[in-house]
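Below: one structure, written as structure tokens.
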Amino acid sequence: MDFRNFTHTTLRIIPTLLYMQHGVQKLFGWLGGFGPNGGTAPLFSLFGLAGIIETFGGLLLLLGLFTRPVGALLFCEMMVAYGKAHAPQGFWPILNHGELPLTFGFIFLFFAAHGAGPVSLDARLFGGGRSRDSLRP
């Protein structure tokens with residue numbers, strides 16, 4: 001694996017592991033849980049839906065499976081989170097605490113546009129190596 005593929009794969013895996021932590025907090029109450037009492041989010045709520053998307057969408061992205069549509073879904077979820085929870089608190093992301101959803105969102109947009117790369121289940125199942133998902137110039 002060359003450095004370009006290594007960095008593509010690392011950019012997919014590491015932020016996705018960080019992102020999934022938010023999902024397991026909401027769904028399962030792990031890692032300190034959700035909300036002030038550290039519980040779980042109601043399953044049939046926006047936070048419950050977010051927990052499902054973050055946990056299971058994150059798992060698909062981590063594996064590099066159905067990366068383009070999952071990346072688009074995760075991007076949309078982060079933009080909704082930013083718009084509903086952060087933007088109303090002020091314009092600047094540093095002040096409204098929206099840096100994390102914006103950063104995650106644009107990482108996911110990258111994968112929606114470029115795919116998972118050659119080290120992924122997408123490459124293994126739907127065409128390996130240097131496919132249209134690779135980062136060739």
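Residues in the structure tokens are numbered from 1 in each chain, the chains being A, B, ... in the order shown, and ligands are numbered from 1 in the order shown.
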Open item on the list: So that I can see what lies close to range 27-33 of chain A, please list as an MDAnalysis selection string the residues with an atom at most 6 Å from it, counting only C-alpha atoms and leaving out residues fewer than 6 positions away in the same chain.
Closed with: chainID A and resid 39:40 51
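With CA of Leu49 in chain A on one side and CA of Pro36 in chain A on the other, the separation reads 19.0 Å.
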Would you list the contacts of range 66-69 of chain A as a short mmCIF file (atom, residue, chain, number, x, y, z; two decimals) with C-alpha atoms, in the first residue's frame, taking every protein, DNA or RNA residue within 8 Å and counting only C-alpha atoms, but skipping same-chain residues closer than 2 positions in sequence?
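Ended up saving to part.cif:
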data_model
loop_
_atom_site.label_atom_id
_atom_site.label_comp_id
_atom_site.auth_asym_id
_atom_site.auth_seq_id
_atom_site.Cartn_x
_atom_site.Cartn_y
_atom_site.Cartn_z
CA LEU A 60 -20.49 0.74 7.29
CA LEU A 61 -18.08 3.60 6.62
CA GLY A 64 -15.75 0.79 3.60
CA GLY A 71 -20.92 9.14 3.29
CA ALA A 72 -23.70 11.29 1.79
CA LEU A 73 -26.11 10.27 4.57
CA PHE A 111 -15.97 9.84 1.01
CA ALA A 112 -19.31 10.43 -0.70
CA ALA A 113 -17.35 11.96 -3.59
CA HIS A 114 -14.25 9.73 -3.65
CA GLY A 115 -15.37 6.40 -2.24
CA ALA A 116 -13.66 4.21 0.32
CA ASP A 122 -16.31 -1.83 -1.54
#
Task: Selected residue of minimal separation from His22 in chain A among A:Gln89, A:His97, A:Phe34, A:His8, counting only C-alpha atoms - done: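 Answer, going by the shortest atom-to-atom distance: A:Phe34.
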Please list as a CSV table (one decimal) with N, CA, C and O atoms, in the first residue's frame every residue within 12 Å of Thr16 in chain A, counting only C-alpha atoms and excluding residues in the same chain fewer than 4 positions away.
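New file around19.csv:
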chain,number,residue,atom,x,y,z
A,9,THR,N,-7.2,5.6,3.6
A,9,THR,CA,-7.7,4.6,4.5
A,9,THR,C,-7.8,5.1,6.0
A,9,THR,O,-8.8,5.0,6.7
A,10,THR,N,-6.7,5.7,6.4
A,10,THR,CA,-6.6,6.3,7.7
A,10,THR,C,-7.6,7.4,8.0
A,10,THR,O,-8.3,7.4,9.0
A,11,LEU,N,-7.9,8.2,7.0
A,11,LEU,CA,-8.9,9.3,7.1
A,11,LEU,C,-10.3,8.7,7.2
A,11,LEU,O,-11.1,9.3,7.8
A,12,ARG,N,-10.5,7.5,6.6
A,12,ARG,CA,-11.8,6.9,6.7
A,12,ARG,C,-12.0,6.2,8.1
A,12,ARG,O,-13.0,6.3,8.7
A,20,MET,N,-18.4,7.3,15.8
A,20,MET,CA,-19.2,6.2,16.3
A,20,MET,C,-19.4,6.3,17.8
A,20,MET,O,-20.4,5.8,18.4
A,21,GLN,N,-18.4,6.9,18.5
A,21,GLN,CA,-18.5,7.0,19.9
A,21,GLN,C,-19.8,7.8,20.3
A,21,GLN,O,-20.4,7.5,21.3
A,22,HIS,N,-20.1,8.8,19.5
A,22,HIS,CA,-21.3,9.6,19.7
A,22,HIS,C,-22.6,8.7,19.6
A,22,HIS,O,-23.5,8.9,20.4
A,23,GLY,N,-22.6,7.8,18.6
A,23,GLY,CA,-23.7,6.9,18.4
A,23,GLY,C,-23.9,5.9,19.6
A,23,GLY,O,-25.0,5.8,20.1
A,53,ILE,N,-27.9,6.3,13.1
A,53,ILE,CA,-27.0,6.7,11.9
A,53,ILE,C,-25.6,6.7,12.3
A,53,ILE,O,-24.7,6.2,11.6
A,54,GLU,N,-25.2,7.3,13.5
A,54,GLU,CA,-23.8,7.4,13.9
A,54,GLU,C,-23.2,6.0,14.2
A,54,GLU,O,-22.1,5.8,13.8
A,55,THR,N,-24.0,5.1,14.8
A,55,THR,CA,-23.4,3.8,15.1
A,55,THR,C,-23.3,2.9,13.9
A,55,THR,O,-22.3,2.4,13.5
A,56,PHE,N,-24.5,2.7,13.2
A,56,PHE,CA,-24.5,1.7,12.1
A,56,PHE,C,-24.0,2.3,10.8
A,56,PHE,O,-23.3,1.6,10.0
A,57,GLY,N,-24.3,3.6,10.5
A,57,GLY,CA,-23.7,4.2,9.3
A,57,GLY,C,-22.2,4.3,9.5
A,57,GLY,O,-21.4,4.1,8.6
A,58,GLY,N,-21.8,4.6,10.7
A,58,GLY,CA,-20.3,4.7,11.0
A,58,GLY,C,-19.7,3.3,10.8
A,58,GLY,O,-18.6,3.3,10.3
A,59,LEU,N,-20.3,2.3,11.2
A,59,LEU,CA,-19.8,0.9,11.0
A,59,LEU,C,-19.6,0.6,9.5
A,59,LEU,O,-18.6,0.1,9.1
A,60,LEU,N,-20.6,1.0,8.7
A,60,LEU,CA,-20.5,0.7,7.3
A,60,LEU,C,-19.3,1.5,6.7
A,60,LEU,O,-18.6,1.0,5.9
A,61,LEU,N,-19.2,2.8,7.1
A,61,LEU,CA,-18.1,3.6,6.6
A,61,LEU,C,-16.7,3.1,7.1
A,61,LEU,O,-15.8,3.0,6.4
A,62,LEU,N,-16.7,2.6,8.3
A,62,LEU,CA,-15.5,2.0,8.9
A,62,LEU,C,-15.0,0.9,8.0
A,62,LEU,O,-13.8,0.7,7.7
A,63,LEU,N,-15.9,0.0,7.7
A,63,LEU,CA,-15.6,-1.1,6.8
A,63,LEU,C,-15.4,-0.8,5.4
A,63,LEU,O,-14.9,-1.6,4.6
A,64,GLY,N,-15.8,0.4,5.0
A,64,GLY,CA,-15.8,0.8,3.6
A,64,GLY,C,-16.8,0.1,2.8
A,64,GLY,O,-16.5,-0.4,1.6
A,67,THR,N,-19.9,3.0,0.7
A,67,THR,CA,-19.3,4.2,1.2
A,67,THR,C,-19.9,5.5,0.6
A,67,THR,O,-20.1,6.4,1.4
A,70,VAL,N,-23.5,6.1,2.0
A,70,VAL,CA,-23.4,6.2,3.5
A,70,VAL,C,-22.7,7.5,3.8
A,70,VAL,O,-23.1,8.3,4.7
A,71,GLY,N,-21.6,7.9,3.1
A,71,GLY,CA,-20.9,9.1,3.3
A,71,GLY,C,-21.9,10.3,3.1
A,71,GLY,O,-21.8,11.3,3.8
A,74,LEU,N,-24.2,10.5,6.1
A,74,LEU,CA,-23.6,11.0,7.3
A,74,LEU,C,-23.3,12.5,7.2
A,74,LEU,O,-23.4,13.2,8.1
A,103,THR,N,-16.5,19.4,10.8
A,103,THR,CA,-15.3,18.6,10.4
A,103,THR,C,-15.7,17.2,10.0
A,103,THR,O,-15.3,16.8,8.9
A,104,PHE,N,-16.5,16.6,10.8
A,104,PHE,CA,-17.0,15.2,10.4
A,104,PHE,C,-17.8,15.3,9.1
A,104,PHE,O,-17.6,14.5,8.2
A,105,GLY,N,-18.6,16.3,9.0
A,105,GLY,CA,-19.5,16.4,7.8
A,105,GLY,C,-18.6,16.5,6.5
A,105,GLY,O,-18.9,15.8,5.6
A,107,ILE,N,-15.5,15.6,6.1
A,107,ILE,CA,-14.8,14.3,5.9
A,107,ILE,C,-15.7,13.3,5.2
A,107,ILE,O,-15.3,12.7,4.2
A,108,PHE,N,-17.0,13.2,5.7
A,108,PHE,CA,-17.9,12.3,5.1
A,108,PHE,C,-18.3,12.7,3.6
A,108,PHE,O,-18.5,11.9,2.8
A,111,PHE,N,-15.7,11.3,1.3
A,111,PHE,CA,-16.0,9.8,1.0
A,111,PHE,C,-17.2,9.6,0.1
A,111,PHE,O,-17.2,8.7,-0.7
Task: All helix (DSSP H, G or I) positions in range 44-101 of chain A, as a ChimeraX atom specification - done: /A:46-63,67-89,93-96,99-101
With N, CA and C atoms retained, export the selected residues as a compact mmCIF listing (two decimals), in the first residue's frame.
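Output (out.txt):
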# COMPACT_ATOMS: atom_id res chain seq x y z
N LEU A 46 -35.22 12.38 17.48
CA LEU A 46 -34.13 12.79 16.59
C LEU A 46 -32.78 12.29 17.11
N PHE A 47 -32.59 12.33 18.43
CA PHE A 47 -31.33 11.83 18.99
C PHE A 47 -31.22 10.32 18.82
N GLY A 48 -32.32 9.60 18.94
CA GLY A 48 -32.30 8.16 18.70
C GLY A 48 -31.94 7.85 17.26
N LEU A 49 -32.56 8.58 16.33
CA LEU A 49 -32.22 8.41 14.91
C LEU A 49 -30.75 8.74 14.66
N ALA A 50 -30.29 9.82 15.27
CA ALA A 50 -28.87 10.19 15.13
C ALA A 50 -27.98 9.07 15.66
N GLY A 51 -28.35 8.48 16.79
CA GLY A 51 -27.55 7.38 17.35
C GLY A 51 -27.49 6.19 16.42
N ILE A 52 -28.61 5.86 15.78
CA ILE A 52 -28.63 4.75 14.81
C ILE A 52 -27.72 5.07 13.63
N ILE A 53 -27.86 6.28 13.08
CA ILE A 53 -27.04 6.68 11.93
C ILE A 53 -25.56 6.68 12.30
N GLU A 54 -25.24 7.26 13.47
CA GLU A 54 -23.84 7.37 13.88
C GLU A 54 -23.22 6.00 14.16
N THR A 55 -23.98 5.11 14.75
CA THR A 55 -23.44 3.79 15.09
C THR A 55 -23.34 2.90 13.85
N PHE A 56 -24.45 2.71 13.17
CA PHE A 56 -24.47 1.73 12.08
C PHE A 56 -23.99 2.30 10.75
N GLY A 57 -24.28 3.58 10.50
CA GLY A 57 -23.68 4.23 9.33
C GLY A 57 -22.18 4.33 9.50
N GLY A 58 -21.76 4.65 10.73
CA GLY A 58 -20.33 4.69 11.03
C GLY A 58 -19.67 3.34 10.81
N LEU A 59 -20.34 2.27 11.23
CA LEU A 59 -19.79 0.93 11.04
C LEU A 59 -19.62 0.62 9.55
N LEU A 60 -20.61 0.97 8.74
CA LEU A 60 -20.49 0.74 7.29
C LEU A 60 -19.33 1.54 6.71
N LEU A 61 -19.19 2.79 7.12
CA LEU A 61 -18.08 3.60 6.62
C LEU A 61 -16.75 3.06 7.10
N LEU A 62 -16.69 2.63 8.34
CA LEU A 62 -15.46 2.05 8.90
C LEU A 62 -14.99 0.86 8.04
N LEU A 63 -15.95 0.03 7.66
CA LEU A 63 -15.63 -1.15 6.84
C LEU A 63 -15.42 -0.78 5.37
N THR A 67 -19.88 2.98 0.70
CA THR A 67 -19.26 4.19 1.20
C THR A 67 -19.85 5.47 0.63
N ARG A 68 -20.10 5.50 -0.66
CA ARG A 68 -20.61 6.74 -1.25
C ARG A 68 -21.98 7.12 -0.70
N PRO A 69 -22.97 6.25 -0.74
CA PRO A 69 -24.28 6.67 -0.18
C PRO A 69 -24.24 6.87 1.33
N VAL A 70 -23.48 6.05 2.05
CA VAL A 70 -23.37 6.22 3.49
C VAL A 70 -22.67 7.54 3.82
N GLY A 71 -21.61 7.86 3.08
CA GLY A 71 -20.92 9.14 3.29
C GLY A 71 -21.86 10.31 3.07
N ALA A 72 -22.72 10.23 2.04
CA ALA A 72 -23.70 11.29 1.79
C ALA A 72 -24.69 11.40 2.94
N LEU A 73 -25.16 10.26 3.44
CA LEU A 73 -26.11 10.27 4.57
C LEU A 73 -25.47 10.88 5.81
N LEU A 74 -24.24 10.47 6.11
CA LEU A 74 -23.56 10.99 7.30
C LEU A 74 -23.27 12.48 7.17
N PHE A 75 -22.92 12.92 5.96
CA PHE A 75 -22.74 14.36 5.71
C PHE A 75 -24.03 15.11 6.01
N CYS A 76 -25.15 14.60 5.49
CA CYS A 76 -26.44 15.26 5.72
C CYS A 76 -26.79 15.30 7.21
N GLU A 77 -26.54 14.20 7.91
CA GLU A 77 -26.83 14.17 9.34
C GLU A 77 -26.02 15.22 10.08
N MET A 78 -24.76 15.38 9.72
CA MET A 78 -23.92 16.38 10.38
C MET A 78 -24.36 17.80 10.06
N MET A 79 -24.83 18.03 8.83
CA MET A 79 -25.30 19.37 8.48
C MET A 79 -26.60 19.69 9.21
N VAL A 80 -27.47 18.70 9.39
CA VAL A 80 -28.70 18.90 10.17
C VAL A 80 -28.33 19.18 11.63
N ALA A 81 -27.41 18.41 12.17
CA ALA A 81 -26.97 18.63 13.56
C ALA A 81 -26.41 20.04 13.72
N TYR A 82 -25.59 20.46 12.78
CA TYR A 82 -25.02 21.81 12.86
C TYR A 82 -26.13 22.85 12.78
N GLY A 83 -27.02 22.68 11.81
CA GLY A 83 -28.09 23.66 11.61
C GLY A 83 -29.07 23.74 12.76
N LYS A 84 -29.39 22.61 13.37
CA LYS A 84 -30.38 22.60 14.45
C LYS A 84 -29.78 22.95 15.81
N ALA A 85 -28.59 22.47 16.09
CA ALA A 85 -28.04 22.62 17.44
C ALA A 85 -26.98 23.70 17.57
N HIS A 86 -26.23 23.97 16.52
CA HIS A 86 -25.08 24.86 16.66
C HIS A 86 -25.27 26.23 16.03
N ALA A 87 -25.71 26.29 14.80
CA ALA A 87 -25.87 27.57 14.11
C ALA A 87 -26.77 28.55 14.87
N PRO A 88 -27.85 28.09 15.51
CA PRO A 88 -28.67 29.05 16.26
C PRO A 88 -27.94 29.70 17.44
N GLN A 89 -26.82 29.13 17.86
CA GLN A 89 -26.05 29.67 18.98
C GLN A 89 -25.08 30.77 18.57
N PRO A 93 -18.32 28.98 14.24
CA PRO A 93 -18.29 27.61 14.78
C PRO A 93 -17.49 27.47 16.07
N ILE A 94 -16.46 28.25 16.23
CA ILE A 94 -15.67 28.16 17.46
C ILE A 94 -16.49 28.61 18.67
N LEU A 95 -17.43 29.52 18.44
CA LEU A 95 -18.27 30.01 19.53
C LEU A 95 -19.53 29.18 19.73
N ASN A 96 -20.05 28.58 18.64
CA ASN A 96 -21.28 27.79 18.77
C ASN A 96 -20.99 26.29 18.96
N GLU A 99 -17.57 23.05 15.49
CA GLU A 99 -16.41 22.59 14.70
C GLU A 99 -16.46 21.11 14.43
N LEU A 100 -16.86 20.32 15.42
CA LEU A 100 -16.85 18.86 15.27
C LEU A 100 -17.85 18.39 14.21
N PRO A 101 -19.11 18.79 14.25
CA PRO A 101 -20.00 18.33 13.18
C PRO A 101 -19.59 18.84 11.81
Open item on the list: So that I can see what lies close to Leu121 in chain A, please list as a PyMOL selection string the residues with an atom at most 8 Å from it, counting only C-alpha atoms and leaving out residues fewer than 2 positions away in the same chain.
Closed with: chain A and resi 63-65+119+123-126
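By chain and then residue number, the residues within 8 Å of Asn5 in chain A are Met1, Asp2, Phe3, Thr7, His8, Thr9, Gly117, Pro118, Val119, Ser134 and Leu135 of chain A, counting only C-alpha atoms and disregarding those fewer than 2 positions away in sequence.
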